[in-house]
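Asker: First, the structure itself, so that you have it in front of you.
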Amino acid sequence: MTPTDPPSRKKRIFSGMQPSGEAHLGNYLGALRRWVEMQDEHDCIWCIVDQHAITAGGDPKELPGHVLDLAVSYLSVGLDPEKSIIFVQSDVPEHTELAWLFNAVTPIGDLERMTQFKDKAQRFESIPAGILNYPILQAADILLYKADGVPVGEDQKQHLELTRDVARKFNAAYGETFPETEPLIEKGVGRILGLDGEAKMSKSLGNTVPVLAGPDEVWERVRTAVTDPQRIRKTDPGRPEVCNVYSLHHFFADGDVLEDIATQCRGATRGCVDCKRILSDNITERFTPFRERAAELVEKPERVREILDDGAVRARAIAGATITEVRDRMGLDWRASIG
Ligand code: TRP
């Protein structure tokens, strides 16, 4: 770099998770683990999307606790308010304002095509408009901060495509304003199946491990995990390539250890229970510092509130500037006519 080079702008990263309480193994392996790593290289913004959560109904008495629990999980796994902005979506009303403005450039047909909309809609006799408009709010979350990249799982790819479409349509109608945000989908990880072998690891399906679980709870969950269905007795040779416990080992064990585990499985020299023990111990080891940090935070909820309050102030500084620009472009700045 020569002295005249401008300092390179760090890439801005945005992502969010719905508050349904404490985060779990699937959230950690699929998202949080990466978010923590990204904080050193990028300008990161991590959101708790409570406005999205209300589209699924749910008990209003439980939501505040779920938001706090997810905040504790974020902070415990290593999201760091010194490095990143961490905040709650409803503290920054510009999200819903921008979502409304994006209604002007989003064809209903694009929303109706979303596979998640089609899945969710089946659960309702009368479909709430929020389920249809969900991806517009998501586009607003991302574009409010003009994010360059969004780390998400494969399941969010379509919502990210819609975000790019919204940006393109807005720019075409009102002038160049938004970037075309890149989805950052981790390669080689694939889907993280539930411990019961279901397609999704989720708290409501009870097929996962909470990130703040202690050794006994981790073992209790991992013990029940589904393995190669053809391996019935310990003496049957197993097939690591079809075993979900084996695919979870990849996140915790390195190459040599993985190779040993596979060899012992194929040769029937190690049974599934022992194999799950290794996984359970590795998960516990990873989660122990999280639990220690969480214990401190739970003692000091006012510290969590301070962090989220400060995050909201910092988020609003960026969000406010974007909204001013958008209002201006859309002709909502009527005072301009007075001069
Ligand atoms: N729809 C996302 C999910 O269910 C959550 C979400 C809302 C999100 N807004 C976002 C993710 C913005 C990334 C960026 O996982």
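By convention in this document, the chains of the structure tokens carry letters A, B, ... by their order, each chain's residues are numbered from 1, and ligands are numbered from 1 in the order they are shown.
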Write out as a list of chain:residue names the set of residues from range 107-247 of chain A that DSSP, computed on the backbone, places in strand (DSSP E or B).
Answerer: A:Gly149, A:Val150, A:Pro151, A:Glu182, A:Pro183, A:Leu184, A:Pro210
Asker: Deliver the residues from the most recent selection as a file, using C-alpha atoms, as an mmCIF file, in the first residue's frame.
Answerer:
```
data_model
loop_
_atom_site.group_PDB
_atom_site.id
_atom_site.type_symbol
_atom_site.label_atom_id
_atom_site.label_comp_id
_atom_site.auth_asym_id
_atom_site.auth_seq_id
_atom_site.Cartn_x
_atom_site.Cartn_y
_atom_site.Cartn_z
ATOM 1 C CA GLY A 149 -22.792 -9.788 2.422
ATOM 2 C CA VAL A 150 -25.202 -11.843 4.484
ATOM 3 C CA PRO A 151 -24.083 -15.148 6.010
ATOM 4 C CA GLU A 182 -24.136 -11.298 -1.721
ATOM 5 C CA PRO A 183 -25.489 -14.331 0.112
ATOM 6 C CA LEU A 184 -22.541 -15.927 1.948
ATOM 7 C CA PRO A 210 -29.060 -25.906 23.637
#
```
Asker: Could you pull out the residues in range 24-190 of chain A that DSSP calls helix (DSSP H, G or I) from the backbone, as number ranges by chain?
Answerer: A: 25-38, 50-56, 63-77, 89-91, 94-105, 108-112, 115-121, 129-143, 154-174
Asker: How would you report the residues lying within 7 Å of ligand 1, as a short mmCIF file (atom, residue, chain, number, x, y, z; two decimals) with C-alpha atoms, in the first residue's frame, if you count only C-alpha atoms and all ligand atoms?
Answerer:
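Contents of the output file selection08.cif:
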```
data_model
loop_
_atom_site.label_atom_id
_atom_site.label_comp_id
_atom_site.auth_asym_id
_atom_site.auth_seq_id
_atom_site.Cartn_x
_atom_site.Cartn_y
_atom_site.Cartn_z
CA PHE A 14 -25.52 -8.22 8.33
CA SER A 15 -27.41 -11.22 9.65
CA GLY A 16 -30.20 -12.01 12.02
CA MET A 17 -32.00 -14.76 13.87
CA GLN A 18 -35.54 -15.03 15.12
CA VAL A 49 -35.43 -10.12 14.44
CA HIS A 52 -40.16 -11.35 11.96
CA LEU A 137 -38.89 -6.97 5.87
CA GLN A 138 -35.83 -9.17 5.50
CA ALA A 139 -34.74 -7.16 2.43
CA ASP A 141 -33.09 -5.39 7.34
CA ILE A 142 -30.24 -5.98 4.95
CA VAL A 150 -25.20 -11.84 4.48
CA PRO A 151 -24.08 -15.15 6.01
CA VAL A 152 -27.08 -17.45 5.83
CA GLN A 156 -32.42 -18.44 2.95
#
```
Asker: Can you tell me which residues surround Phe287 in chain A at a distance of at most 12 Å, considering only C-alpha atoms, apart from same-chain residues fewer than 5 positions away, and format the answer as a ChimeraX atom specification?
Answerer: /A:23-25,28-29,33,73,76-78,209-215,217-218,252,280-282,292-294
Asker: List the neighbours of Asp333 in chain A out to 9 Å using only C-alpha atoms; skip same-chain residues closer than 5 positions along the sequence, and give me the result as a ChimeraX atom specification.
Answerer: /A:324,327-328
Asker: Identify which of the residues A:Asn171, A:Gln116, A:Trp219, A:Ala140 lies closest to Lys157 in chain A, counting only C-alpha atoms when measuring atom-to-atom distances.
Answerer: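 The shortest atom-to-atom distance to Lys157 in chain A comes from A:Gln116.
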Asker: Quick one, how far is CA of Phe124 in chain A from CA of Asp50 in chain A?
Answerer: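 Computing it gives 20.5 Å between the two atoms.
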Asker: CA of Leu297 in chain A and CA of Lys200 in chain A are how many Å apart?
Answerer: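 Computing it gives 29.3 Å between the two atoms.
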Asker: Name all residues at most 9 Å from range 265-269 of chain A (count only C-alpha atoms; drop same-chain ones fewer than 6 positions away) and give them as a PyMOL selection string.
Answerer: chain A and resi 234-240+275
Asker: Report, in Å with one decimal, the straight-line distance from CA of Gly175 in chain A to CA of Ala312 in chain A.
Answerer: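 Separation between CA of Gly175 in chain A and CA of Ala312 in chain A: 28.3 Å.
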Asker: Leaving out Tyr174 in chain A and any residue of its chain fewer than 6 positions from it, which residues lie within 12 Å of it when counting only C-alpha atoms, given as a ChimeraX atom specification?
Answerer: /A:101-102,104-105,166-168,325-331
Asker: Find the residues around Met38 in chain A up to 12 Å (only C-alpha atoms counted), leave out those fewer than 2 positions away in its own chain, and share them as JSON, numbers by chain.
Answerer: {"A": [10, 11, 12, 13, 14, 15, 31, 32, 33, 34, 35, 36, 40, 41, 42, 43, 44, 45, 46, 78, 79, 80, 83, 84, 149, 150, 151, 184]}
Asker: Looking at A:Asn207, A:Arg9, A:Tyr74, A:Pro229, which one is nearest to Asp148 in chain A, with distances taken over only C-alpha atoms?
Answerer: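 When distances to Asp148 in chain A are compared using only C-alpha atoms, the smallest one comes from A:Arg9.
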